[in-house]
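Q: I am sharing coords.cif, which consists of mmCIF, C-alpha atoms and all ligand atoms:
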```
data_model
#
loop_
_atom_site.label_atom_id
_atom_site.label_comp_id
_atom_site.auth_asym_id
_atom_site.auth_seq_id
_atom_site.Cartn_x
_atom_site.Cartn_y
_atom_site.Cartn_z
CA MET A 16 0.00 0.00 0.00
CA ALA A 17 1.35 3.39 -0.96
CA THR A 18 1.73 5.74 1.96
CA ILE A 19 1.27 9.48 1.86
CA ASN A 20 3.13 12.54 3.04
CA ASP A 21 1.43 12.75 6.43
CA ASN A 22 2.50 16.37 6.81
CA TYR A 23 -0.41 17.31 4.52
CA LEU A 24 -2.78 16.10 7.22
CA LYS A 25 -1.47 18.79 9.56
CA LEU A 26 -2.61 21.58 7.22
CA LYS A 27 -5.54 23.69 8.32
CA ALA A 28 -7.72 22.54 5.37
CA GLY A 29 -7.44 25.73 3.26
CA TYR A 30 -9.96 27.33 5.57
CA LEU A 31 -10.01 31.04 4.73
CA PHE A 32 -11.22 31.47 1.16
CA PRO A 33 -13.62 28.48 1.14
CA GLU A 34 -15.19 29.80 4.34
CA ILE A 35 -15.58 33.27 2.79
CA ALA A 36 -17.21 31.70 -0.28
CA ARG A 37 -19.53 29.65 1.93
CA ARG A 38 -20.73 32.69 3.87
CA VAL A 39 -21.12 34.83 0.73
CA ASN A 40 -23.12 32.08 -1.04
CA ALA A 41 -25.39 31.60 1.96
CA PHE A 42 -26.01 35.35 2.11
CA ALA A 43 -26.64 35.59 -1.65
CA GLN A 44 -29.16 32.75 -1.45
CA THR A 45 -31.28 34.44 1.23
CA ASN A 46 -30.78 37.91 -0.33
CA PRO A 47 -31.02 37.29 -4.08
CA ASP A 48 -31.37 41.00 -4.88
CA ALA A 49 -28.26 42.12 -2.98
CA SER A 50 -25.53 43.51 -5.23
CA ILE A 51 -22.42 42.05 -3.64
CA ILE A 52 -19.07 43.81 -4.17
CA LYS A 53 -15.98 41.68 -3.57
CA LEU A 54 -13.05 43.59 -2.12
CA GLY A 55 -11.56 40.45 -0.67
CA ILE A 56 -9.43 38.74 -3.24
CA GLY A 57 -5.81 39.60 -4.00
CA ASP A 58 -6.20 39.28 -7.75
CA VAL A 59 -5.91 42.02 -10.35
CA THR A 60 -8.94 43.10 -12.37
CA GLU A 61 -7.60 45.31 -15.19
CA PRO A 62 -6.46 43.93 -18.60
CA LEU A 63 -2.84 43.22 -19.60
CA PRO A 64 -0.78 46.20 -20.81
CA GLU A 65 -0.90 46.62 -24.57
CA ALA A 66 2.89 46.38 -24.90
CA CYS A 67 2.79 42.91 -23.32
CA ARG A 68 -0.06 41.74 -25.53
CA THR A 69 1.63 43.01 -28.69
CA ALA A 70 4.89 41.26 -27.75
CA MET A 71 3.08 38.00 -27.07
CA ILE A 72 1.20 38.13 -30.38
CA LYS A 73 4.52 38.68 -32.15
CA ALA A 74 5.96 35.74 -30.18
CA VAL A 75 3.14 33.51 -31.43
CA GLU A 76 4.14 34.49 -34.98
CA ASP A 77 7.78 33.61 -34.16
CA MET A 78 6.57 30.15 -33.19
CA GLY A 79 4.91 29.75 -36.59
CA ASP A 80 8.12 30.20 -38.56
CA ARG A 81 10.79 27.49 -38.66
CA ALA A 82 13.53 30.14 -38.55
CA THR A 83 12.32 31.73 -35.28
CA PHE A 84 10.55 28.75 -33.68
CA LYS A 85 11.61 27.96 -30.10
CA GLY A 86 11.68 24.56 -28.44
CA TYR A 87 12.86 24.13 -24.86
CA GLY A 88 14.36 27.34 -23.57
CA PRO A 89 16.96 27.74 -20.84
CA GLU A 90 15.56 26.52 -17.49
CA GLN A 91 16.77 29.78 -15.93
CA GLY A 92 14.95 31.95 -18.46
CA TYR A 93 16.08 33.71 -21.66
CA SER A 94 19.07 35.97 -21.22
CA TRP A 95 17.38 38.87 -23.07
CA LEU A 96 14.80 38.98 -20.25
CA ARG A 97 17.26 38.38 -17.39
CA GLU A 98 19.57 41.14 -18.68
CA LYS A 99 16.77 43.70 -18.75
CA ILE A 100 15.66 42.76 -15.24
CA ALA A 101 19.23 42.99 -13.96
CA THR A 102 19.84 46.45 -15.41
CA GLN A 103 16.42 48.08 -14.96
CA ASP A 104 15.14 46.53 -11.71
CA PHE A 105 18.42 46.14 -9.85
CA GLN A 106 21.49 47.92 -11.24
CA ALA A 107 19.48 51.11 -11.87
CA ARG A 108 18.82 51.15 -8.10
CA GLY A 109 22.45 50.56 -7.21
CA CYS A 110 22.00 46.82 -6.54
CA GLU A 111 24.91 44.67 -7.69
CA ILE A 112 22.77 41.94 -9.22
CA ASP A 113 23.96 40.14 -12.33
CA ALA A 114 21.66 38.55 -14.95
CA GLY A 115 23.20 35.17 -14.07
CA GLU A 116 21.79 35.44 -10.57
CA ILE A 117 18.21 35.82 -11.83
CA PHE A 118 15.96 32.80 -12.36
CA ILE A 119 12.73 33.29 -14.35
CA SER A 120 9.79 31.22 -13.14
CA ASP A 121 6.05 30.83 -13.44
CA GLY A 122 5.29 32.48 -10.11
CA SER A 123 6.51 33.73 -6.77
CA LYS A 124 3.96 31.60 -4.98
CA CYS A 125 5.66 28.53 -6.47
CA ASP A 126 9.18 29.82 -5.85
CA THR A 127 8.60 30.79 -2.20
CA GLY A 128 7.40 27.22 -1.68
CA ASN A 129 9.92 25.44 -3.92
CA ILE A 130 12.91 27.20 -2.36
CA LEU A 131 12.56 24.86 0.63
CA ASP A 132 13.91 22.08 -1.61
CA ILE A 133 17.43 23.45 -1.19
CA PHE A 134 17.34 23.90 2.60
CA GLY A 135 17.86 21.32 5.32
CA SER A 136 15.12 19.95 7.54
CA ASN A 137 16.59 21.17 10.82
CA ASN A 138 16.34 24.94 10.31
CA THR A 139 14.50 27.22 12.72
CA ILE A 140 12.02 29.16 10.61
CA ALA A 141 10.50 32.55 11.40
CA VAL A 142 7.38 34.08 9.87
CA THR A 143 5.47 37.20 10.78
CA ASP A 144 1.98 36.89 12.20
CA PRO A 145 -0.20 37.75 10.23
CA VAL A 146 1.50 36.37 7.12
CA TYR A 147 0.98 35.28 3.48
CA PRO A 148 -0.22 31.70 4.18
CA VAL A 149 1.97 30.11 1.48
CA TYR A 150 5.13 30.50 3.59
CA VAL A 151 3.57 28.59 6.47
CA ASP A 152 1.79 25.86 4.53
CA THR A 153 4.81 24.98 2.38
CA ASN A 154 6.86 24.50 5.54
CA VAL A 155 4.14 22.27 6.96
CA MET A 156 4.16 20.18 3.75
CA ALA A 157 7.95 19.91 3.87
CA GLY A 158 7.77 18.51 7.39
CA ASN A 159 9.44 21.52 8.98
CA THR A 160 6.73 21.93 11.64
CA GLY A 161 4.74 19.99 14.19
CA SER A 162 0.96 20.19 14.49
CA ALA A 163 -1.21 23.29 14.70
CA ASN A 164 -2.88 24.47 17.91
CA ASP A 165 -6.43 25.84 18.09
CA ALA A 166 -5.24 29.31 17.08
CA GLY A 167 -3.73 27.77 13.94
CA GLU A 168 -0.11 28.22 15.05
CA PHE A 169 2.23 25.42 14.07
CA GLU A 170 4.59 23.94 16.58
CA GLY A 171 8.20 24.55 15.63
CA LEU A 172 7.69 27.81 13.73
CA VAL A 173 8.78 31.10 15.28
CA TYR A 174 5.93 33.61 14.94
CA LEU A 175 6.89 37.28 14.99
CA PRO A 176 3.74 39.28 15.82
CA ILE A 177 3.04 42.44 13.85
CA SER A 178 0.36 44.94 14.79
CA ALA A 179 -0.33 48.66 14.95
CA GLU A 180 1.83 48.72 18.13
CA ASN A 181 5.03 47.89 16.22
CA ASN A 182 4.02 49.60 12.96
CA PHE A 183 3.48 46.16 11.44
CA THR A 184 7.23 45.53 11.42
CA ALA A 185 8.43 42.52 13.39
CA GLU A 186 10.99 42.92 16.13
CA ILE A 187 14.28 41.11 15.62
CA PRO A 188 13.94 37.77 17.45
CA SER A 189 15.87 37.24 20.66
CA GLN A 190 16.63 33.64 19.67
CA LYS A 191 18.57 32.43 16.63
CA VAL A 192 16.48 31.68 13.54
CA ASP A 193 17.90 30.26 10.31
CA LEU A 194 15.29 31.21 7.71
CA ILE A 195 13.22 34.41 7.88
CA TYR A 196 10.37 35.29 5.53
CA LEU A 197 9.87 39.03 5.03
CA CYS A 198 7.37 40.61 2.62
CA PHE A 199 7.50 44.34 1.85
CA PRO A 200 5.31 46.11 0.86
CA ASN A 201 3.31 43.65 2.88
CA ASN A 202 0.41 41.41 2.07
CA PRO A 203 -1.90 41.56 4.05
CA THR A 204 -1.09 44.70 6.08
CA GLY A 205 0.16 47.06 3.35
CA ALA A 206 3.08 48.00 5.64
CA THR A 207 6.50 48.99 4.34
CA ALA A 208 10.09 48.65 5.56
CA SER A 209 12.61 51.48 5.72
CA LYS A 210 16.24 50.94 4.76
CA ASP A 211 17.26 51.24 8.42
CA TYR A 212 14.76 48.59 9.43
CA LEU A 213 15.89 46.16 6.72
CA LYS A 214 19.50 46.84 7.69
CA THR A 215 18.80 45.49 11.19
CA TRP A 216 17.56 42.24 9.62
CA VAL A 217 20.50 42.01 7.21
CA ASP A 218 22.92 42.55 10.10
CA TYR A 219 21.10 39.97 12.22
CA ALA A 220 21.14 37.45 9.35
CA ASN A 221 24.81 38.00 8.58
CA SER A 222 25.84 37.64 12.20
CA HIS A 223 23.81 34.43 12.68
CA GLY A 224 24.37 32.83 9.27
CA SER A 225 20.62 33.11 8.55
CA ILE A 226 18.95 33.53 5.17
CA ILE A 227 16.23 36.13 4.55
CA LEU A 228 13.57 35.12 2.02
CA PHE A 229 12.44 38.52 0.81
CA ASP A 230 9.14 38.73 -1.08
CA ALA A 231 8.98 41.94 -3.11
CA ALA A 232 5.82 41.10 -5.11
CA TYR A 233 4.40 44.58 -4.40
CA GLU A 234 7.59 46.56 -5.05
CA ALA A 235 5.96 48.51 -7.92
CA PHE A 236 3.42 49.98 -5.50
CA ILE A 237 6.02 51.90 -3.51
CA THR A 238 5.25 55.62 -3.80
CA GLU A 239 7.41 57.06 -1.03
CA PRO A 240 10.87 57.98 -2.38
CA ASP A 241 13.07 56.77 0.48
CA LEU A 242 11.71 53.24 0.74
CA PRO A 243 13.91 50.43 -0.62
CA HIS A 244 12.50 48.51 -3.62
CA SER A 245 14.89 45.63 -3.22
CA ILE A 246 16.64 44.09 -0.23
CA TYR A 247 19.87 44.36 -2.25
CA GLU A 248 19.75 48.13 -1.69
CA ILE A 249 20.89 47.20 1.82
CA GLU A 250 24.60 46.70 2.35
CA GLY A 251 25.43 43.08 3.13
CA ALA A 252 22.22 41.63 1.64
CA ARG A 253 24.12 39.76 -1.08
CA ASN A 254 25.44 37.53 1.70
CA CYS A 255 22.12 36.72 3.35
CA ALA A 256 19.09 37.28 1.11
CA ILE A 257 17.09 35.65 -1.67
CA GLU A 258 14.56 37.98 -3.32
CA PHE A 259 11.30 36.99 -5.01
CA ARG A 260 9.61 39.23 -7.56
CA SER A 261 6.60 38.74 -9.76
CA PHE A 262 4.92 40.27 -12.81
CA SER A 263 1.54 39.36 -11.29
CA LYS A 264 0.71 42.57 -9.45
CA ASN A 265 2.62 45.23 -11.42
CA ALA A 266 1.79 44.06 -14.95
CA GLY A 267 -1.38 42.05 -14.27
CA PHE A 268 0.25 38.66 -14.99
CA THR A 269 -1.72 36.69 -12.36
CA GLY A 270 -3.27 34.63 -15.14
CA THR A 271 -0.34 34.89 -17.58
CA ARG A 272 2.27 33.68 -15.03
CA CYS A 273 5.79 35.04 -14.82
CA ALA A 274 8.06 35.83 -11.88
CA LEU A 275 11.71 35.78 -10.90
CA THR A 276 13.91 34.77 -8.03
CA VAL A 277 17.31 36.27 -7.30
CA VAL A 278 19.93 34.04 -5.72
CA PRO A 279 23.24 35.92 -5.40
CA LYS A 280 26.33 33.82 -6.11
CA THR A 281 27.81 35.08 -2.83
CA LEU A 282 25.14 33.31 -0.77
CA THR A 283 26.04 30.10 1.04
CA GLY A 284 24.54 27.58 3.44
CA LYS A 285 26.12 24.89 5.61
CA ALA A 286 26.39 21.27 4.47
CA ALA A 287 26.22 18.42 7.01
CA ASP A 288 30.01 18.13 6.89
CA GLY A 289 30.31 21.78 7.93
CA SER A 290 31.41 23.10 4.55
CA ASP A 291 29.87 26.19 2.93
CA VAL A 292 27.90 25.50 -0.24
CA GLU A 293 26.70 28.10 -2.76
CA LEU A 294 22.92 28.26 -2.71
CA TRP A 295 22.98 29.46 -6.34
CA LYS A 296 24.38 26.10 -7.44
CA LEU A 297 21.66 24.20 -5.58
CA TRP A 298 18.82 26.36 -6.91
CA ASN A 299 20.24 26.11 -10.43
CA ARG A 300 20.34 22.31 -10.08
CA ARG A 301 16.83 22.24 -8.63
CA GLN A 302 15.37 24.35 -11.43
CA SER A 303 17.25 22.48 -14.17
CA THR A 304 15.91 19.18 -12.85
CA LYS A 305 12.36 19.98 -11.80
CA PHE A 306 11.46 22.88 -14.11
CA ASN A 307 11.62 23.44 -17.85
CA GLY A 308 11.36 27.19 -18.01
CA VAL A 309 8.55 29.64 -18.65
CA SER A 310 6.81 29.74 -22.04
CA TYR A 311 8.68 31.77 -24.70
CA LEU A 312 5.46 33.72 -25.35
CA VAL A 313 5.13 34.73 -21.72
CA GLN A 314 8.78 35.72 -21.39
CA ARG A 315 8.40 37.97 -24.46
CA GLY A 316 5.35 39.51 -22.75
CA ALA A 317 7.37 40.08 -19.58
CA GLU A 318 10.25 41.56 -21.59
CA ALA A 319 7.84 44.19 -22.96
CA VAL A 320 7.34 45.47 -19.40
CA TYR A 321 10.86 46.92 -19.76
CA SER A 322 10.17 48.78 -23.02
CA GLU A 323 9.39 52.47 -22.86
CA ALA A 324 5.74 51.87 -23.72
CA GLY A 325 5.54 48.98 -21.25
CA GLN A 326 7.01 51.04 -18.43
CA GLY A 327 4.40 53.74 -18.98
CA GLN A 328 1.54 51.27 -19.15
CA VAL A 329 2.62 49.42 -16.01
CA LYS A 330 2.95 52.71 -14.18
CA ALA A 331 -0.58 53.66 -15.24
CA LEU A 332 -1.93 50.30 -14.07
CA VAL A 333 -0.27 50.57 -10.67
CA SER A 334 -1.42 54.21 -10.32
CA PHE A 335 -4.97 53.14 -11.04
CA TYR A 336 -4.95 50.62 -8.17
CA LEU A 337 -3.15 53.07 -5.90
CA GLU A 338 -5.86 55.67 -6.58
CA ASN A 339 -8.43 53.04 -5.59
CA ALA A 340 -6.42 52.45 -2.42
CA LYS A 341 -6.37 56.18 -1.69
CA ILE A 342 -10.14 56.43 -2.09
CA ILE A 343 -10.63 53.45 0.22
CA ARG A 344 -8.24 54.83 2.82
CA GLU A 345 -9.87 58.26 2.83
CA GLN A 346 -13.44 57.03 2.89
CA LEU A 347 -12.83 54.44 5.61
CA THR A 348 -11.10 57.10 7.70
CA GLU A 349 -14.06 59.40 7.08
CA ALA A 350 -16.32 56.58 8.29
CA GLY A 351 -14.38 56.60 11.55
CA LEU A 352 -12.34 53.43 11.04
CA ALA A 353 -8.64 53.09 11.93
CA VAL A 354 -6.84 52.19 8.69
CA TYR A 355 -3.27 51.20 7.78
CA GLY A 356 -1.46 50.51 4.51
CA GLY A 357 -2.84 51.52 1.12
CA ILE A 358 -0.13 54.12 0.40
CA ASN A 359 2.62 51.85 -0.95
CA ALA A 360 0.46 48.77 -1.39
CA PRO A 361 -2.89 47.75 -2.89
CA TYR A 362 -4.15 46.60 0.51
CA ILE A 363 -5.85 48.50 3.29
CA TRP A 364 -5.69 46.88 6.70
CA LEU A 365 -8.25 48.12 9.16
CA LYS A 366 -8.86 47.67 12.85
CA THR A 367 -12.34 46.29 13.36
CA PRO A 368 -14.58 48.75 15.25
CA ASN A 369 -15.94 48.03 18.75
CA GLU A 370 -13.54 45.13 19.33
CA LEU A 371 -15.45 42.98 16.85
CA SER A 372 -13.71 39.76 15.88
CA SER A 373 -12.50 39.60 12.27
CA TRP A 374 -15.29 37.18 11.29
CA ASP A 375 -18.01 39.14 13.14
CA PHE A 376 -16.95 42.25 11.22
CA PHE A 377 -16.97 40.20 7.99
CA ASP A 378 -20.61 39.20 8.65
CA LYS A 379 -21.64 42.69 9.68
CA LEU A 380 -20.07 44.28 6.59
CA LEU A 381 -21.66 41.69 4.31
CA GLN A 382 -25.10 42.06 5.88
CA THR A 383 -25.23 45.84 6.15
CA THR A 384 -23.35 46.88 2.98
CA ASN A 385 -23.11 43.66 0.89
CA ILE A 386 -19.33 44.13 0.72
CA VAL A 387 -16.90 41.23 1.02
CA GLY A 388 -13.46 41.67 2.57
CA THR A 389 -10.94 39.29 4.14
CA PRO A 390 -10.89 38.57 7.90
CA GLY A 391 -7.45 39.33 9.34
CA SER A 392 -7.53 36.20 11.49
CA GLY A 393 -7.29 34.17 8.28
CA PHE A 394 -3.68 35.36 7.93
CA GLY A 395 -2.67 34.27 11.42
CA ALA A 396 -3.68 34.44 15.06
CA ALA A 397 -2.32 37.98 15.50
CA GLY A 398 -4.50 39.16 12.57
CA GLU A 399 -7.56 38.77 14.84
CA GLY A 400 -9.36 42.08 15.17
CA TYR A 401 -8.15 43.27 11.77
CA PHE A 402 -9.63 43.14 8.27
CA ARG A 403 -8.17 43.44 4.76
CA ILE A 404 -9.74 45.45 1.94
CA SER A 405 -8.22 45.05 -1.51
CA ALA A 406 -7.85 47.90 -4.03
CA PHE A 407 -7.86 45.45 -6.94
CA ASN A 408 -11.24 46.36 -8.43
CA SER A 409 -12.97 48.72 -10.84
CA ARG A 410 -13.27 52.39 -9.84
CA GLU A 411 -17.02 52.04 -10.05
CA ASN A 412 -17.09 49.20 -7.51
CA VAL A 413 -14.70 50.98 -5.18
CA ASN A 414 -16.77 54.18 -5.25
CA GLU A 415 -20.03 52.31 -4.73
CA ALA A 416 -18.56 50.21 -1.89
CA MET A 417 -17.20 53.27 -0.09
CA LYS A 418 -20.52 55.10 -0.49
CA ARG A 419 -22.29 52.21 1.21
CA ILE A 420 -19.76 52.02 4.04
CA LEU A 421 -20.02 55.76 4.70
CA GLU A 422 -23.81 55.53 4.85
CA LYS A 423 -23.78 52.65 7.34
CA PHE A 424 -20.74 53.35 9.45
CA LYS A 425 -20.30 57.10 9.73
CA VAL A 426 -21.34 58.19 13.22
C1 LIG B 501 0.39 37.94 -5.22
C2 LIG B 501 1.56 37.59 -4.39
C3 LIG B 501 2.69 36.99 -4.95
C4 LIG B 501 2.76 36.67 -6.43
O1 LIG B 501 2.57 35.33 -6.66
P1 LIG B 501 2.60 34.79 -8.15
O2 LIG B 501 2.65 33.30 -7.97
O3 LIG B 501 3.83 35.31 -8.81
O4 LIG B 501 1.33 35.22 -8.85
C5 LIG B 501 3.77 36.69 -4.14
N1 LIG B 501 3.75 37.02 -2.83
C6 LIG B 501 2.69 37.60 -2.26
C7 LIG B 501 2.74 37.94 -0.82
C8 LIG B 501 1.56 37.90 -3.02
O5 LIG B 501 0.51 38.47 -2.44
#
```
Rewrite the structure of this file - the entire thing - as structure tokens.

A:
Amino acid sequence: MATINDNYLKLKAGYLFPEIARRVNAFAQTNPDASIIKLGIGDVTEPLPEACRTAMIKAVEDMGDRATFKGYGPEQGYSWLREKIATQDFQARGCEIDAGEIFISDGSKCDTGNILDIFGSNNTIAVTDPVYPVYVDTNVMAGNTGSANDAGEFEGLVYLPISAENNFTAEIPSQKVDLIYLCFPNNPTGATASKDYLKTWVDYANSHGSIILFDAAYEAFITEPDLPHSIYEIEGARNCAIEFRSFSKNAGFTGTRCALTVVPKTLTGKAADGSDVELWKLWNRRQSTKFNGVSYLVQRGAEAVYSEAGQGQVKALVSFYLENAKIIREQLTEAGLAVYGGINAPYIWLKTPNELSSWDFFDKLLQTTNIVGTPGSGFGAAGEGYFRISAFNSRENVNEAMKRILEKFKV
């Protein structure tokens, strides 16, 4: 009899989004005339930039001609794309990242999970609480944790609480941790990290031999000039950090699929015999063995993000969502709610009024305004009492949703 990976049985059965769907469906059934607006999901709504579409159509034509047809591409991605990323995303910001250190993939969700393939099973792993659930669940699947308690916290993980009290930036742990997941601008809180703050993590990691797994999926949403866009803007990060980036949120590639992971060649980890091994070599081996690269068509689409037209179109797309975020922030504040984020991120994180639990606020919002958001407790125990509103929607829906909230909530 084949056995299974029992670690999967420890997972908290993908509770959050199915439970939201269940409650929304139940409400819609008893209130068939309600016009429900969904401000819950972290998916983009606006179409792909024209530059990307044009490049992909041209790439389809390339595939139809024997002279330009492409079979398997390099597992690491085409060099014409990696070069543009290296110069425009990194070197232009003073980061010493070479094209050879960039690996193109089909998503940051996949990469943040897959990266565990190259790490040992005895690392102490730290995550913030609340957190993007993928970091936790992939560690559970890999057997890096024990079981979950009633609050959903897994034994063996180090949870670093973030809340309004610490500006949604985790304090440096007092104990030694080996792997640290950081995400800035943050999903779900919309919080950002200053250079000084990231420097404290880089220094901590370098002095303890830890690796920072830095998720910069929302980098394009940074509006404030002094905030770092990459962890490699911090001195010493080439010795302690892997960075994940994605075309999902800046260029609307959630359904098209393209992302990248940076593994500097200066980064090492310890082997069982005590020797230092380059992580780049391991990730390169992992990708070459388990991955066959991203579609040529998609990589041509991603390349177009770096053209002059593409840059303008991506900027317009991001500005559109940021304007939504601004409207949400201002209107929720006007309604008397305490709000965070939404300035350098497409998410607004609010404190539920009157000490309501995250789910009680979810029900109240749905019943009184027919608006769907995401309960903060779904992102971790310390998210209890908070609620996430997404700016990924049409202007019309955002305006209508805020009008309803003002009517019901303003005191
Ligand atoms: C959306 C998102 C990503 C991007 O994932 P893809 O697989 O590239 O679409 C990565 N990290 C976080 C925290 C996200 O919210």

Q: Just want the residues within 6 Å of ligand LIG 501 (chain B), written as a count of residues only, counting all atoms listed in the file.

A: 12

Q: Report as a tab-separated table: every residue of segment 284-380 of chain A with an atom at most 9 Å from segment 36-57 of chain A, its closest pair of atoms, and their distance in Å to one decimal, counting all atoms listed in the file, with rows sorted by chain and ascending residue number.

A:
```
residue	atom	partner	partner_atom	distance
A:Pro361	CA	A:Gly57	CA	8.7
A:Tyr362	CA	A:Gly57	CA	8.5
A:Asp378	CA	A:Arg38	CA	8.1
```

Q: I need the residue nearest Ser162 of chain A from this list: A:Asp21, A:Glu250, A:Glu76, A:Glu111. Use all atoms listed in the file for the distance.

A: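 Between A:Asp21, A:Glu250, A:Glu76, A:Glu111, the residue approaching Ser162 of chain A most closely is A:Asp21.
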
Q: Could you pull out every residue with an atom within 8 Å of (6.1, 29.6, 13.9), file coordinates, counting all atoms listed in the file, and send them as a PDB file with C-alpha atoms, in the coordinates of the input?

A:
```
ATOM      1  CA  ILE A 140      12.020  29.160  10.610  1.00  0.00           C
ATOM      2  CA  ALA A 141      10.500  32.550  11.400  1.00  0.00           C
ATOM      3  CA  VAL A 142       7.380  34.080   9.870  1.00  0.00           C
ATOM      4  CA  VAL A 151       3.570  28.590   6.470  1.00  0.00           C
ATOM      5  CA  GLU A 168      -0.110  28.220  15.050  1.00  0.00           C
ATOM      6  CA  PHE A 169       2.230  25.420  14.070  1.00  0.00           C
ATOM      7  CA  GLU A 170       4.590  23.940  16.580  1.00  0.00           C
ATOM      8  CA  GLY A 171       8.200  24.550  15.630  1.00  0.00           C
ATOM      9  CA  LEU A 172       7.690  27.810  13.730  1.00  0.00           C
ATOM     10  CA  VAL A 173       8.780  31.100  15.280  1.00  0.00           C
ATOM     11  CA  TYR A 174       5.930  33.610  14.940  1.00  0.00           C
ATOM     12  CA  LEU A 175       6.890  37.280  14.990  1.00  0.00           C
TER      13      LEU A 175
END
```

Q: Quick one: of A:Met16, A:Ile35, A:Val320, A:Leu131, who's nearest to Thr389 of chain A, counting all atoms listed in the file?

A: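 Among A:Met16, A:Ile35, A:Val320, A:Leu131, it is A:Ile35 that comes nearest to Thr389 of chain A.
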
Q: Find the residues with any atom within 9 Å of (13.0, 30.2, -13.6); use all atoms listed in the file and the coordinates as given in the file, and write the answer as a ChimeraX atom specification.

A: /A:89-92,117-122,126,273-276,299,302-303,306-309

Q: Go ahead and compute the interatomic distance for atom CA of Leu421 of chain A and atom CA of Glu345 of chain A, in Å to one decimal.

A: 10.6 Å

Q: Record the distance separating atom CA of Tyr150 of chain A and atom CA of Tyr247 of chain A, expressed in Å with one decimal.

A: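 Separating atom CA of Tyr150 of chain A from atom CA of Tyr247 of chain A is a distance of 21.1 Å.
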
Q: Draw an axis-aligned box over all listed atoms of segment 391-402 of chain A, pad each side with 3 Å, and write its centre and edge lengths in Å, one decimal, as JSON.

A:
```
{"center_x": -6.0, "center_y": 38.7, "center_z": 11.7, "size_x": 13.3, "size_y": 15.1, "size_z": 13.6}
```

Q: Measuring atom to atom with all atoms listed in the file, identify which of A:Val59, A:Ile249, A:Val75, A:Ala235 is nearest to Val329 of chain A.

A: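 Between A:Val59, A:Ile249, A:Val75, A:Ala235, the residue approaching Val329 of chain A most closely is A:Ala235.
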
Q: If I take atom CA of Asp375 of chain A and atom CA of Ile404 of chain A, how far is one from the other in Å, to one decimal?

A: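 Value for the atom CA of Asp375 of chain A-atom CA of Ile404 of chain A distance: 15.3 Å.
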
Q: Select, from A:Leu381, A:Ile363, A:Leu371, A:Met71, the residue with the minimum atom-to-atom distance to Ser405 of chain A, counting only C-alpha atoms.

A: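 Checking each of A:Leu381, A:Ile363, A:Leu371, A:Met71 against Ser405 of chain A, counting only C-alpha atoms, the winner is A:Ile363.
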
Q: I'd like to know which of A:Gly88, A:Pro33, A:Pro64, A:Gly158 is closest to Ala319 of chain A, using only C-alpha atoms.

A: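 Of all the options, A:Pro64 lies closest to Ala319 of chain A.
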
Q: If we count all atoms listed in the file, what is near Ala252 of chain A at a cut-off of 9 Å, once residues fewer than 3 positions away on the same chain are taken out, given as a ChimeraX atom specification?

A: /A:214,217-218,220-221,227,246-249,255-257

Q: Return the single residue from A:Phe262, A:Tyr355, A:Phe424, A:Tyr219 that is closest to Gly205 of chain A, with distances computed using only C-alpha atoms.

A: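 Of A:Phe262, A:Tyr355, A:Phe424, A:Tyr219, the one nearest Gly205 of chain A, counting only C-alpha atoms, is A:Tyr355.
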
Q: At a cut-off of 10 Å, using only C-alpha atoms, what residues contact Leu24 of chain A? Leave out same-chain residues fewer than 4 positions from it and give the result as a list in words.

A: Ile19, Asn20, Ala28, Val155, Met156 and Ser162 of chain A

Q: Fewer than 4 positions away in the same chain doesn't count, so skip those; otherwise give me all residues within 9 Å of Lys423 of chain A, counting all atoms listed in the file, as a PyMOL selection string.

A: chain A and resi 350+383-384+418-419

Q: Distance table requested - segment 242-300 of chain A against segment 60-63 of chain A, cut-off 12 Å, only C-alpha atoms: one row per qualifying residue with the closest atom pair and its distance in Å to one decimal, ordered by chain and rising residue number, as a tab-separated table.

A:
```
residue	atom	partner	partner_atom	distance
A:Phe262	CA	A:Leu63	CA	10.7
A:Ser263	CA	A:Leu63	CA	10.2
A:Lys264	CA	A:Thr60	CA	10.1
A:Asn265	CA	A:Leu63	CA	10.0
A:Ala266	CA	A:Leu63	CA	6.6
A:Gly267	CA	A:Leu63	CA	5.6
A:Phe268	CA	A:Leu63	CA	7.2
A:Thr269	CA	A:Thr60	CA	9.7
A:Gly270	CA	A:Leu63	CA	9.7
A:Thr271	CA	A:Leu63	CA	8.9
A:Arg272	CA	A:Leu63	CA	11.7
```

Q: So that I can see what lies close to Ser209 of chain A, please list as a list in words the residues with an atom at most 9 Å from it, counting all atoms listed in the file and leaving out residues fewer than 3 positions away in the same chain.

A: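 Counting only the stated atoms, we get Tyr212, Leu213, Lys214, Asp241, Leu242 and Pro243 of chain A.
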
Q: List the spatial neighbours of segment 179-190 of chain A as a ChimeraX atom specification - criterion: any atom at most 8 Å away, all atoms listed in the file, same-chain residues fewer than 6 positions off excluded.

A: /A:143,204,206-208,215-216,219
